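Containing mmCIF, C-alpha atoms and all ligand atoms: model_33.cif.
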```cif
data_upload
#
loop_
_atom_site.label_atom_id
_atom_site.label_comp_id
_atom_site.auth_asym_id
_atom_site.auth_seq_id
_atom_site.Cartn_x
_atom_site.Cartn_y
_atom_site.Cartn_z
CA MET T 1 -13.26 -4.09 5.15
CA ALA T 2 -16.22 -6.06 6.47
CA LEU T 3 -17.04 -5.36 10.09
CA LYS T 4 -16.55 -8.27 12.42
CA LYS T 5 -19.39 -7.26 14.72
CA ASP T 6 -22.73 -5.49 14.69
CA LEU T 7 -22.39 -2.23 16.60
CA SER T 8 -26.03 -1.23 16.34
CA ILE T 9 -27.88 -0.21 19.46
CA ASN T 10 -31.26 1.11 20.53
CA TYR T 11 -31.00 4.35 22.41
CA LEU T 12 -34.26 5.84 23.68
CA GLY T 13 -36.17 3.49 21.42
CA VAL T 14 -34.38 4.76 18.32
CA LYS T 15 -32.07 2.46 16.35
CA PHE T 16 -28.51 3.71 15.82
CA GLU T 17 -26.27 1.72 13.44
CA ASN T 18 -23.41 2.46 15.85
CA PRO T 19 -23.25 4.48 19.09
CA PHE T 20 -21.09 7.28 17.65
CA CYS T 21 -22.72 10.71 17.30
CA LEU T 22 -21.43 14.19 16.67
CA SER T 23 -21.98 16.11 19.90
CA SER T 24 -23.75 19.43 19.71
CA SER T 25 -21.15 21.98 18.53
CA PRO T 26 -19.78 23.48 15.33
CA VAL T 27 -18.97 19.95 14.04
CA GLY T 28 -22.68 19.45 13.30
CA SER T 29 -24.00 22.89 12.51
CA ASP T 30 -25.04 22.86 8.85
CA TYR T 31 -26.31 20.49 6.20
CA ASP T 32 -23.05 19.83 4.34
CA MET T 33 -21.12 19.09 7.52
CA CYS T 34 -23.75 16.69 8.82
CA ALA T 35 -24.03 14.97 5.43
CA LYS T 36 -20.26 14.50 5.27
CA ALA T 37 -20.19 13.12 8.81
CA LEU T 38 -23.02 10.69 8.18
CA GLU T 39 -21.39 9.50 4.96
CA ALA T 40 -18.16 8.95 6.93
CA GLY T 41 -20.04 6.50 9.16
CA TRP T 42 -21.27 8.44 12.20
CA GLY T 43 -24.30 6.77 13.72
CA GLY T 44 -26.19 10.00 14.36
CA ILE T 45 -26.03 13.74 14.87
CA VAL T 46 -26.65 15.96 17.85
CA PHE T 47 -27.19 19.22 16.02
CA LYS T 48 -25.61 22.49 17.26
CA THR T 49 -27.80 23.97 20.02
CA ILE T 50 -30.68 26.03 18.66
CA GLY T 51 -32.14 28.87 20.72
CA ILE T 52 -34.42 31.82 20.35
CA PHE T 53 -31.32 33.68 21.55
CA ILE T 54 -28.89 33.97 18.62
CA ALA T 55 -25.22 33.97 19.65
CA ASP T 56 -22.99 36.92 18.80
CA GLU T 57 -19.57 35.27 18.99
CA VAL T 58 -16.13 36.67 19.93
CA SER T 59 -12.95 36.35 17.89
CA PRO T 60 -10.74 34.48 18.52
CA ARG T 61 -12.57 31.97 20.68
CA PHE T 62 -10.24 28.99 21.23
CA ASP T 63 -7.08 28.08 23.17
CA ILE T 64 -5.27 24.77 23.69
CA VAL T 65 -3.17 23.05 26.32
CA ASN T 66 -0.10 21.11 25.12
CA LYS T 67 2.15 18.72 27.02
CA GLU T 68 5.53 17.49 25.91
CA GLY T 69 4.88 17.63 22.20
CA HIS T 70 1.27 16.45 22.39
CA PRO T 71 -0.89 19.26 21.07
CA PHE T 72 -4.52 19.56 22.01
CA VAL T 73 -4.36 17.67 25.27
CA GLY T 74 -7.11 20.07 26.25
CA PHE T 75 -9.15 22.61 24.31
CA LYS T 76 -10.87 25.76 25.54
CA ASN T 77 -13.71 27.54 23.77
CA LEU T 78 -15.77 30.65 24.36
CA GLU T 79 -18.46 29.69 21.89
CA GLN T 80 -22.15 29.89 22.73
CA ILE T 81 -25.10 28.28 21.00
CA SER T 82 -25.98 28.57 17.30
CA ASP T 83 -25.41 31.93 15.65
CA LYS T 84 -27.92 31.06 12.91
CA SER T 85 -31.63 31.79 12.88
CA VAL T 86 -34.03 29.18 14.19
CA GLU T 87 -35.58 28.95 10.72
CA ALA T 88 -32.24 28.24 9.03
CA ASN T 89 -31.45 25.55 11.59
CA LEU T 90 -34.85 23.92 11.28
CA LYS T 91 -34.46 23.77 7.50
CA CYS T 92 -31.13 22.00 7.97
CA ILE T 93 -32.67 19.42 10.29
CA GLU T 94 -35.50 18.79 7.83
CA LYS T 95 -33.09 18.32 4.93
CA ILE T 96 -30.81 15.98 6.86
CA LYS T 97 -33.77 13.83 7.92
CA LYS T 98 -35.09 13.81 4.35
CA ASN T 99 -31.78 12.67 2.85
CA PHE T 100 -30.64 10.43 5.70
CA PRO T 101 -33.93 9.05 7.08
CA HIS T 102 -32.26 6.13 8.88
CA LYS T 103 -29.69 8.23 10.71
CA PRO T 104 -31.06 9.55 14.00
CA MET T 105 -31.15 13.32 14.43
CA ILE T 106 -30.98 14.68 17.96
CA ALA T 107 -31.94 18.35 18.12
CA SER T 108 -30.19 20.26 20.90
CA VAL T 109 -32.17 23.21 22.21
CA MET T 110 -31.80 25.93 24.82
CA GLY T 111 -34.50 28.32 25.99
CA SER T 112 -34.52 31.01 28.66
CA SER T 113 -38.09 30.50 29.91
CA PRO T 114 -40.58 27.60 29.97
CA GLU T 115 -42.34 29.17 26.98
CA GLU T 116 -39.14 29.21 24.93
CA TRP T 117 -38.32 25.58 25.79
CA LYS T 118 -41.84 24.58 24.77
CA GLN T 119 -41.67 26.56 21.55
CA LEU T 120 -38.29 25.07 20.61
CA ALA T 121 -39.46 21.54 21.41
CA GLU T 122 -42.49 21.97 19.16
CA MET T 123 -40.42 23.40 16.32
CA VAL T 124 -37.73 20.70 16.26
CA THR T 125 -40.36 17.98 16.58
CA GLN T 126 -42.14 19.45 13.58
CA ALA T 127 -38.82 19.58 11.68
CA GLY T 128 -38.44 15.81 12.02
CA ALA T 129 -35.95 15.35 14.86
CA ASP T 130 -35.96 11.89 16.49
CA ILE T 131 -34.84 12.97 19.96
CA ILE T 132 -34.40 16.32 21.76
CA GLU T 133 -31.41 17.18 23.92
CA CYS T 134 -31.86 20.02 26.43
CA ASN T 135 -28.65 21.99 26.77
CA PHE T 136 -28.52 22.80 30.50
CA SER T 137 -24.79 23.10 30.45
CA CYS T 138 -22.99 25.65 28.24
CA PRO T 139 -20.64 27.43 30.68
CA GLN T 140 -20.22 30.65 28.71
CA MET T 141 -23.70 31.98 28.13
CA THR T 142 -24.02 35.73 28.75
CA SER T 143 -27.28 35.40 30.68
CA HIS T 144 -27.88 33.51 33.92
CA THR T 145 -31.20 32.31 32.53
CA MET T 146 -29.35 29.95 30.18
CA GLY T 147 -26.49 27.42 30.21
CA SER T 148 -24.65 25.89 33.14
CA ASP T 149 -26.21 28.33 35.64
CA VAL T 150 -29.50 26.62 34.80
CA GLY T 151 -27.87 23.17 34.95
CA THR T 152 -26.85 23.67 38.59
CA ASN T 153 -30.32 24.87 39.63
CA LEU T 154 -32.51 21.83 40.38
CA GLU T 155 -35.78 23.78 40.20
CA LEU T 156 -35.00 25.18 36.77
CA VAL T 157 -33.72 21.84 35.42
CA ARG T 158 -36.96 20.18 36.56
CA GLU T 159 -39.16 22.97 35.22
CA TYR T 160 -37.45 23.24 31.82
CA SER T 161 -37.31 19.45 31.40
CA ARG T 162 -41.03 19.40 32.06
CA ALA T 163 -41.78 22.26 29.66
CA THR T 164 -39.80 20.50 26.92
CA SER T 165 -41.15 16.98 27.54
CA GLN T 166 -44.77 18.12 27.67
CA ALA T 167 -44.44 19.89 24.34
CA THR T 168 -43.28 16.85 22.36
CA LYS T 169 -43.84 13.15 21.89
CA LEU T 170 -40.09 12.69 21.36
CA PRO T 171 -37.80 11.35 24.07
CA VAL T 172 -35.85 14.10 25.83
CA ILE T 173 -32.22 14.01 26.96
CA ALA T 174 -30.91 16.41 29.61
CA LYS T 175 -27.29 17.41 28.99
CA MET T 176 -25.43 17.95 32.26
CA THR T 177 -22.73 20.37 33.27
CA PRO T 178 -19.64 18.99 35.07
CA ASN T 179 -19.26 22.31 36.89
CA LEU T 180 -20.65 20.98 40.16
CA THR T 181 -19.72 18.43 42.80
CA ASN T 182 -22.71 16.18 42.53
CA ILE T 183 -24.23 15.44 39.12
CA GLU T 184 -26.91 13.13 40.51
CA GLY T 185 -29.06 16.03 41.82
CA PRO T 186 -29.68 17.82 38.51
CA ALA T 187 -29.88 14.48 36.66
CA LEU T 188 -32.66 13.29 38.95
CA ALA T 189 -34.44 16.66 38.69
CA ALA T 190 -34.38 16.30 34.88
CA ILE T 191 -35.87 12.79 35.03
CA GLU T 192 -38.53 13.99 37.50
CA GLY T 193 -39.34 16.70 34.97
CA GLY T 194 -39.90 14.12 32.24
CA ALA T 195 -36.46 13.70 30.58
CA LYS T 196 -35.77 10.08 29.60
CA SER T 197 -31.99 10.14 29.39
CA ILE T 198 -28.97 12.01 30.72
CA SER T 199 -26.01 13.04 28.59
CA ALA T 200 -22.75 14.11 30.21
CA ILE T 201 -20.58 16.05 30.12
CA ASN T 202 -20.53 19.51 28.63
CA THR T 203 -17.31 21.48 28.96
CA VAL T 204 -15.45 22.18 32.21
CA LYS T 205 -15.06 25.83 33.27
CA SER T 206 -11.43 26.75 32.72
CA ILE T 207 -8.61 29.20 32.19
CA THR T 208 -6.17 27.33 29.95
CA SER T 209 -3.32 29.85 29.80
CA VAL T 210 -2.30 33.44 30.49
CA ASP T 211 -0.40 35.56 27.98
CA THR T 212 2.48 36.83 30.09
CA ASP T 213 3.12 39.91 27.91
CA LEU T 214 -0.49 41.02 27.61
CA PHE T 215 -1.30 40.02 31.24
CA CYS T 216 -4.45 38.43 29.95
CA SER T 217 -5.71 34.88 29.80
CA VAL T 218 -6.28 33.33 26.39
CA PRO T 219 -8.06 33.69 23.99
CA VAL T 220 -7.42 37.42 24.11
CA VAL T 221 -10.46 39.39 22.96
CA ASP T 222 -9.53 43.05 22.71
CA GLY T 223 -7.25 42.79 25.75
CA LYS T 224 -9.69 40.80 27.88
CA SER T 225 -10.70 37.18 28.27
CA ALA T 226 -13.27 35.08 30.10
CA ILE T 227 -13.58 31.70 31.75
CA GLY T 228 -14.53 29.19 29.05
CA GLY T 229 -15.34 25.55 28.47
CA TYR T 230 -12.57 22.93 28.49
CA SER T 231 -12.92 19.78 26.39
CA GLY T 232 -10.92 17.02 24.69
CA ALA T 233 -8.67 14.27 26.02
CA ALA T 234 -7.91 16.21 29.23
CA ILE T 235 -11.52 15.99 30.43
CA LYS T 236 -12.06 12.29 29.73
CA PRO T 237 -11.25 11.30 33.34
CA ILE T 238 -13.80 13.81 34.65
CA ALA T 239 -16.40 12.62 32.17
CA LEU T 240 -15.87 8.95 33.03
CA ARG T 241 -16.27 9.73 36.71
CA PHE T 242 -19.60 11.47 36.12
CA ILE T 243 -20.83 8.67 33.83
CA ALA T 244 -20.06 6.14 36.55
CA ASN T 245 -21.75 8.32 39.21
CA LEU T 246 -24.90 8.44 37.08
CA ALA T 247 -24.85 4.74 36.27
CA GLN T 248 -24.36 3.74 39.91
CA TYR T 249 -27.04 6.03 41.32
CA ASP T 250 -29.98 3.88 42.49
CA LYS T 251 -32.63 6.49 41.77
CA LEU T 252 -31.52 6.63 38.13
CA LYS T 253 -31.61 2.84 37.58
CA GLY T 254 -32.70 2.11 34.02
CA VAL T 255 -32.11 5.67 32.80
CA GLU T 256 -30.09 5.54 29.59
CA ILE T 257 -26.85 7.51 29.48
CA SER T 258 -25.03 9.23 26.63
CA GLY T 259 -21.31 9.69 27.30
CA ILE T 260 -19.36 12.76 26.15
CA GLY T 261 -15.93 14.13 26.91
CA GLY T 262 -12.57 13.43 25.32
CA ILE T 263 -13.59 10.46 23.18
CA GLU T 264 -11.05 10.17 20.36
CA THR T 265 -10.22 6.48 19.98
CA TRP T 266 -11.98 3.12 20.07
CA ARG T 267 -10.48 2.50 23.49
CA ASP T 268 -12.00 5.72 24.87
CA ALA T 269 -15.32 4.58 23.43
CA VAL T 270 -15.10 1.14 25.05
CA GLU T 271 -14.24 2.75 28.40
CA PHE T 272 -17.41 4.88 28.32
CA LEU T 273 -19.49 1.84 27.36
CA LEU T 274 -17.97 -0.26 30.13
CA LEU T 275 -19.00 2.41 32.64
CA GLY T 276 -22.59 2.40 31.47
CA ALA T 277 -22.96 4.78 28.50
CA ARG T 278 -24.99 3.39 25.57
CA ASN T 279 -24.58 6.35 23.27
CA LEU T 280 -21.35 8.29 22.62
CA GLN T 281 -20.82 11.86 21.47
CA VAL T 282 -17.71 13.58 20.13
CA THR T 283 -16.60 17.13 19.32
CA THR T 284 -12.98 17.98 20.08
CA GLY T 285 -11.56 14.81 18.50
CA ILE T 286 -13.32 15.81 15.28
CA MET T 287 -12.15 19.42 15.55
CA GLN T 288 -8.60 18.11 15.61
CA TYR T 289 -8.69 15.12 13.27
CA GLY T 290 -11.90 15.36 11.21
CA TYR T 291 -14.93 13.09 10.82
CA ARG T 292 -12.78 10.18 9.62
CA ILE T 293 -11.85 9.19 13.20
CA VAL T 294 -15.14 7.34 13.32
CA GLU T 295 -13.80 4.67 10.97
CA ASP T 296 -11.03 3.73 13.40
CA MET T 297 -13.41 3.86 16.34
CA ILE T 298 -15.92 1.56 14.64
CA SER T 299 -13.30 -0.93 13.54
CA GLY T 300 -11.49 -0.81 16.90
CA VAL T 301 -14.66 -1.48 18.92
CA SER T 302 -15.56 -4.26 16.51
CA HIS T 303 -12.14 -5.93 16.92
CA TYR T 304 -12.34 -5.54 20.68
CA MET T 305 -15.73 -7.28 20.69
CA ASP T 306 -14.37 -10.05 18.51
CA GLU T 307 -11.38 -10.58 20.80
CA LYS T 308 -13.56 -10.65 23.92
CA GLY T 309 -16.32 -12.76 22.41
CA PHE T 310 -19.00 -10.07 22.70
CA ASN T 311 -21.73 -10.16 20.07
CA SER T 312 -23.42 -6.89 20.82
CA LEU T 313 -22.69 -3.70 22.72
CA GLU T 314 -25.29 -4.82 25.27
CA ASP T 315 -22.92 -7.65 26.24
CA PHE T 316 -20.49 -5.23 27.85
CA ILE T 317 -22.27 -1.95 28.58
CA GLY T 318 -21.73 -1.25 32.29
CA LYS T 319 -19.43 -4.25 32.76
CA ALA T 320 -16.83 -2.23 34.69
CA LEU T 321 -19.35 -0.82 37.16
CA THR T 322 -19.37 -3.75 39.55
CA ASN T 323 -15.63 -3.31 39.99
CA LEU T 324 -15.90 0.37 40.87
CA THR T 325 -16.20 0.60 44.63
CA GLY T 326 -15.42 2.98 47.47
CA ALA T 327 -11.78 3.51 48.48
CA ASP T 328 -12.72 1.93 51.83
CA ASN T 329 -13.48 -1.38 50.05
CA LEU T 330 -10.11 -1.77 48.31
CA ASN T 331 -7.83 -4.66 49.26
CA ARG T 332 -4.95 -3.15 51.27
CA ASP T 333 -3.34 -6.47 52.23
CA TYR T 334 -0.64 -6.64 49.57
CA LYS T 335 1.81 -4.72 47.44
CA ALA T 336 2.92 -5.30 43.85
CA PRO T 337 6.58 -4.23 43.64
CA VAL T 338 7.89 -3.66 40.14
CA LYS T 339 10.39 -5.61 38.09
CA ILE T 340 12.58 -3.89 35.50
CA ASN T 341 13.66 -5.45 32.23
CA ALA T 342 17.25 -4.15 32.20
CA GLU T 343 17.86 -5.33 28.63
CA ALA T 344 15.01 -3.30 27.21
CA CYS T 345 15.78 -0.29 29.44
CA ILE T 346 17.14 2.73 27.53
CA GLY T 347 18.98 4.10 30.56
CA CYS T 348 17.20 7.48 30.73
CA GLY T 349 17.07 7.38 34.54
CA ARG T 350 13.59 8.85 34.82
CA CYS T 351 12.35 6.03 37.06
CA TYR T 352 15.27 6.60 39.42
CA ILE T 353 14.69 10.37 39.62
CA SER T 354 10.94 10.12 40.11
CA CYS T 355 11.24 7.38 42.69
CA TYR T 356 13.92 9.31 44.57
CA ASP T 357 12.32 12.76 44.43
CA ALA T 358 8.67 11.81 44.67
CA ALA T 359 8.26 8.30 46.04
CA HIS T 360 10.27 5.92 48.22
CA GLN T 361 13.94 6.00 47.07
CA ALA T 362 13.46 2.35 46.10
CA ILE T 363 15.38 2.37 42.82
CA ASP T 364 19.18 2.18 42.90
CA TRP T 365 21.06 3.67 39.96
CA ASP T 366 24.21 2.29 38.38
CA GLY T 367 25.68 5.47 36.88
CA GLU T 368 28.30 3.64 34.85
CA LYS T 369 25.99 1.15 33.20
CA ARG T 370 23.07 3.60 33.33
CA ARG T 371 20.72 0.96 34.67
CA PRO T 372 18.14 1.05 37.52
CA ALA T 373 17.62 -1.77 40.03
CA VAL T 374 14.60 -2.16 42.29
CA SER T 375 15.35 -2.53 46.00
CA ASP T 376 13.20 -4.03 48.74
CA ARG T 377 12.09 -0.50 49.68
CA CYS T 378 9.68 -0.65 46.75
CA VAL T 379 6.09 -0.16 48.00
CA GLY T 380 4.55 -0.99 44.63
CA CYS T 381 3.15 2.49 43.95
CA HIS T 382 4.02 2.19 40.22
CA LEU T 383 5.15 5.79 39.77
CA CYS T 384 8.23 4.48 37.92
CA LEU T 385 6.09 2.33 35.63
CA ASN T 386 4.07 5.40 34.74
CA VAL T 387 7.02 7.73 34.06
CA CYS T 388 9.06 5.17 32.06
CA PRO T 389 9.04 6.30 28.41
CA VAL T 390 9.26 2.71 27.09
CA GLN T 391 6.15 0.68 27.69
CA GLY T 392 6.71 -2.78 29.10
CA VAL T 393 10.20 -2.11 30.53
CA ILE T 394 8.81 -1.71 34.04
CA LEU T 395 6.01 -4.09 35.00
CA PRO T 396 4.41 -5.35 38.20
CA GLY T 397 6.39 -8.24 39.70
CA GLU T 398 5.44 -10.84 42.30
CA ILE T 399 2.65 -9.94 44.70
CA GLU T 400 3.88 -9.61 48.31
CA PHE T 401 1.42 -9.80 51.20
CA LYS T 402 1.90 -7.44 54.12
CA GLU T 403 2.85 -9.09 57.40
CA GLY T 404 -0.02 -10.84 59.13
CA ARG T 405 -2.38 -10.55 56.16
CA THR T 406 -4.07 -13.57 54.64
CA LYS T 407 -2.71 -14.61 51.26
CA ARG T 408 -5.24 -15.10 48.50
CA PRO T 409 -5.28 -14.70 44.73
CA VAL T 410 -5.54 -11.07 43.64
CA THR T 411 -6.29 -9.51 40.27
CA ILE T 412 -3.87 -6.86 39.06
CA LYS T 413 -3.22 -5.14 35.74
CA THR T 414 -0.32 -6.77 33.96
CA LYS T 415 -0.89 -5.70 30.37
CA TYR T 416 0.40 -2.21 29.59
CA GLU T 417 0.21 -1.05 25.97
C1 LIG B 1 -16.37 24.86 20.10
C2 LIG B 1 -17.38 24.12 20.91
C3 LIG B 1 -18.72 24.47 20.83
C4 LIG B 1 -19.67 23.76 21.57
N1 LIG B 1 -20.99 24.08 21.46
C5 LIG B 1 -21.92 23.37 22.14
C6 LIG B 1 -23.31 23.61 21.95
O1 LIG B 1 -23.74 24.45 21.17
N2 LIG B 1 -24.17 22.84 22.68
C7 LIG B 1 -23.78 21.87 23.55
O2 LIG B 1 -24.61 21.19 24.16
N3 LIG B 1 -22.46 21.61 23.72
C8 LIG B 1 -21.54 22.33 23.03
N4 LIG B 1 -20.21 22.03 23.17
C9 LIG B 1 -19.80 20.94 24.10
C10 LIG B 1 -19.62 19.61 23.36
O3 LIG B 1 -20.81 19.18 22.74
C11 LIG B 1 -19.11 18.52 24.32
O4 LIG B 1 -20.07 18.35 25.35
C12 LIG B 1 -17.78 18.86 24.96
O5 LIG B 1 -16.94 19.54 24.07
C13 LIG B 1 -17.06 17.62 25.46
O6 LIG B 1 -16.84 16.69 24.44
P1 LIG B 1 -15.45 16.59 23.62
O7 LIG B 1 -14.35 16.43 24.61
O8 LIG B 1 -15.62 15.43 22.70
O9 LIG B 1 -15.32 17.89 22.86
C14 LIG B 1 -19.24 22.71 22.43
C15 LIG B 1 -17.89 22.37 22.49
C16 LIG B 1 -16.97 23.05 21.75
C17 LIG B 1 -15.52 22.65 21.83
#
```
Using C-alpha cells, write down the structure that the file contains.
Amino acid sequence: MALKKDLSINYLGVKFENPFCLSSSPVGSDYDMCAKALEAGWGGIVFKTIGIFIADEVSPRFDIVNKEGHPFVGFKNLEQISDKSVEANLKCIEKIKKNFPHKPMIASVMGSSPEEWKQLAEMVTQAGADIIECNFSCPQMTSHTMGSDVGTNLELVREYSRATSQATKLPVIAKMTPNLTNIEGPALAAIEGGAKSISAINTVKSITSVDTDLFCSVPVVDGKSAIGGYSGAAIKPIALRFIANLAQYDKLKGVEISGIGGIETWRDAVEFLLLGARNLQVTTGIMQYGYRIVEDMISGVSHYMDEKGFNSLEDFIGKALTNLTGADNLNRDYKAPVKINAEACIGCGRCYISCYDAAHQAIDWDGEKRRPAVSDRCVGCHLCLNVCPVQGVILPGEIEFKEGRTKRPVTIKTKYE
C-alpha cells in the first residue's frame, strides 16, 4: 500500500527514510538480523554495543511481568554488551553498510577508559558507521568503570564523550540511564564533552519477581539472581518523562533527541515525537513481535499525519511540549464529573467498587438492574472511567466550575479509544 506521507527525517545531519531504528541490543547484533530488519522497513540500526570487554553472559537472563492476561507488560534482562569479538562486529557493520548504503548505521560502543573509547570510536568510524552512540547506561555491567555507574558520574560522562568525539568526525550520541533523578545533568555533561545528541532511555534497574519456592528473584542463575534492566511497555511513561525533561531544558535547546523505551505501536511513536524526539529506537517490542511491527508503525504514523494535516514529522515534533507545565500552573477552577451510558454498560460493577473503595462513593448501584448511576458527590477524578472495561461507556460530562471561580472555556479529553 502506498504511504500517504513522507516519514523521512534528518537526524544529526544523516537522512533516515523513517525515524524507526533498532535500539542497541540482541535485535541488531549480526548481519542477517540487521539485513532482515532493514528489508522489513526499519529506517536504521543501532548495532549491539561493542566493547573491548567481551560479555560472558548468564543463563537464563530474562524475566517478564504480566498483568491480567497481558504478557510482557515489562521485561527484565541481565544481558551485557556484545559477546562477540570487536573484529567480528566491525565486519558486520562494514557488510551492512556495503549492502544497505542508504540505511544509517549507528555504532554503539562502550569503553572503560578514555583510551578504549577513543580506540572504539576510531574502529567503528573506519568500519563505515554513520553515527556513534556512547552507551553510558547498561545497568548490569560487572565493573563500575562501565555502564550506568558511568552514566550517573558527570565527570566520566564528560570525559568519555570528549574522548569519543575527538577521535571521530562522526556525530556522537550519548545514551542516558534512567536510574537517576535528574537526567539533565549527565546529558549536559555529554554535550559539553562534544556529544551532539542524547538518546534516552536505557533500561530501568529492577527486580521483576521472586520465586517463592527457591527464595530467589528471577531469572534464577544457579540459585542466585541480580538486579537487572527493565524495558518494554511498562517503562514508556518513565521514558516519556525523561524525553520531555530533556526537550524542555534550556541549556539543551537545539540538541536532537532519540527516544527509547516501550515503543511498540504507531501511537507510542507519535507520543515520543510530540514530546520532542526526532529519532525512535525499539528493542522489547521486536523481541516480542518481530521486526514486522515497523510496518504498522510506519502506516499508523502516516495515517495520523494525514488525518491531522501534517506533511512532515517536523510539523509535529515537540508539539505537546508547550502544554506540559508544572502542577502549580494547572487550572483548578473546575471539575469534569462523568456521565455513564447505561445502555452500553455491561453491569460488571467495577466503577461502583472502585469509586466506593478508592474514591468518593459517588456512584450508586442498582443491584437488581446491575446499573451504576453517578451522584452529585462525583469530583471528576475519572477513576471509574479508567477501570471500566468497556471504552466509551463512562465519559466526561458537563464541566462544573467550583463556587466563586470564573467560568471560561476549558479543553478536556473527550475521545477515549
Ligand atoms: C536483552 C536486552 C539487551 C540490551 N542490550 C543493550 C546494549 O547492548 N546496549 C544498549 O545501549 N542498550 C541495550 N539494551 C537497552 C535497549 O537498547 C533499550 O534502551 C531498552 O530496552 C528500552 O527500550 P525498549 O523498551 O524498546 O526495549 C538492551 C535491552 C535488552 C532488553
request  = Counting only C-alpha atoms, find the residues whose atoms lie at most 7 Å from (-38.2, 16.2, 29.6) (file coordinates) and write them out as a ChimeraX atom specification.
outcome  = /T:161-162,164-165,172-173,190-191,193-196
task = Residues within 8 Å of ligand LIG 1 (chain B) should be enumerated using all atoms listed in the file and returned as number ranges by chain.
result = T: 22-26, 48-50, 62, 75-82, 108, 133-138, 175, 200-203, 229-236, 260-264, 281-287
request  = List the neighbours of range 99-106 of chain T out to 6 Å using only C-alpha atoms; skip same-chain residues closer than 5 positions along the sequence, and give me the result as a PyMOL selection string.
outcome  = chain T and resi 44-46+129-132
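Take the candidates T:Pro19, T:Pro71, T:Gly367, T:Pro139 and check each one against Gly228 in chain T using only C-alpha atoms; the shortest distance goes to T:Pro139.
Rounded to one decimal, CA of Val86 in chain T and CA of Cys34 in chain T lie 17.0 Å from each other.
For the residues T:Pro178, T:Leu280, T:Ile293, T:Lys4, ranking by smallest atom-to-atom distance to Pro237 in chain T using only C-alpha atoms places T:Pro178 first.
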ask   = How would you write as an MDAnalysis selection string the residues that get within 12 Å of (-38.4, 25.2, 35.2) in the file's frame, counting all atoms listed in the file?
value = chainID T and resid 111:118 136 145:146 150:151 153:165 186 189:190 192:194
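Considering the residues T:Ile9, T:Ile96, T:Ala336, T:Ala358 and counting all atoms listed in the file, Pro396 in chain T has its shortest atom-to-atom contact with T:Ala336.
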inquiry  = So that I can check the surroundings of Val338 in chain T, please list as a ChimeraX atom specification every protein, DNA and RNA residue that reaches within 8 Å of it, counting all atoms listed in the file and ignoring chain neighbours fewer than 2 positions away.
reply    = /T:336,340,374,378,380,382,385,394-398
ask   = Can you tell me how far CA of Val221 in chain T sits from CA of Gly69 in chain T, in Å to one decimal?
value = 26.6 Å
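Distance annotation: of T:Ala244, T:Thr411, T:Gly290, T:Val387, the residue with the minimal separation from Met33 in chain T is T:Gly290; atom set is all atoms listed in the file.
For the pair CA of Asn89 in chain T and CA of Val220 in chain T, the separation is 29.6 Å.
Counting all atoms listed in the file and comparing T:Glu122, T:Glu403, T:Glu314, T:Glu368, the residue that lies closest to Lys169 in chain T is T:Glu122.
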request  = Name all residues at most 10 Å from Arg408 in chain T (count only C-alpha atoms; drop same-chain ones fewer than 4 positions away) and give them as a ChimeraX atom specification.
outcome  = /T:333-334,401
key: Nearby residues (only C-alpha atoms) at most 12 Å from Phe242 in chain T, same-chain spacing under 3 positions excluded, as a VMD selection string   = chain T and resid 176 to 185 187 198 to 202 235 to 239 245 to 249 257 to 261 272 275 to 277
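For the set T:Val301, T:Lys98, T:Val270, T:Arg405, the residue with the smallest atom-to-atom gap to Leu240 in chain T is T:Val270, counting all atoms listed in the file.
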key: For Asn323 in chain T: contacts at 12 Å, only C-alpha atoms, fewer than 2 positions along chain excluded, given as a VMD selection string   = chain T and resid 244 248 274 to 275 318 to 321 325 to 327 329 to 330 411
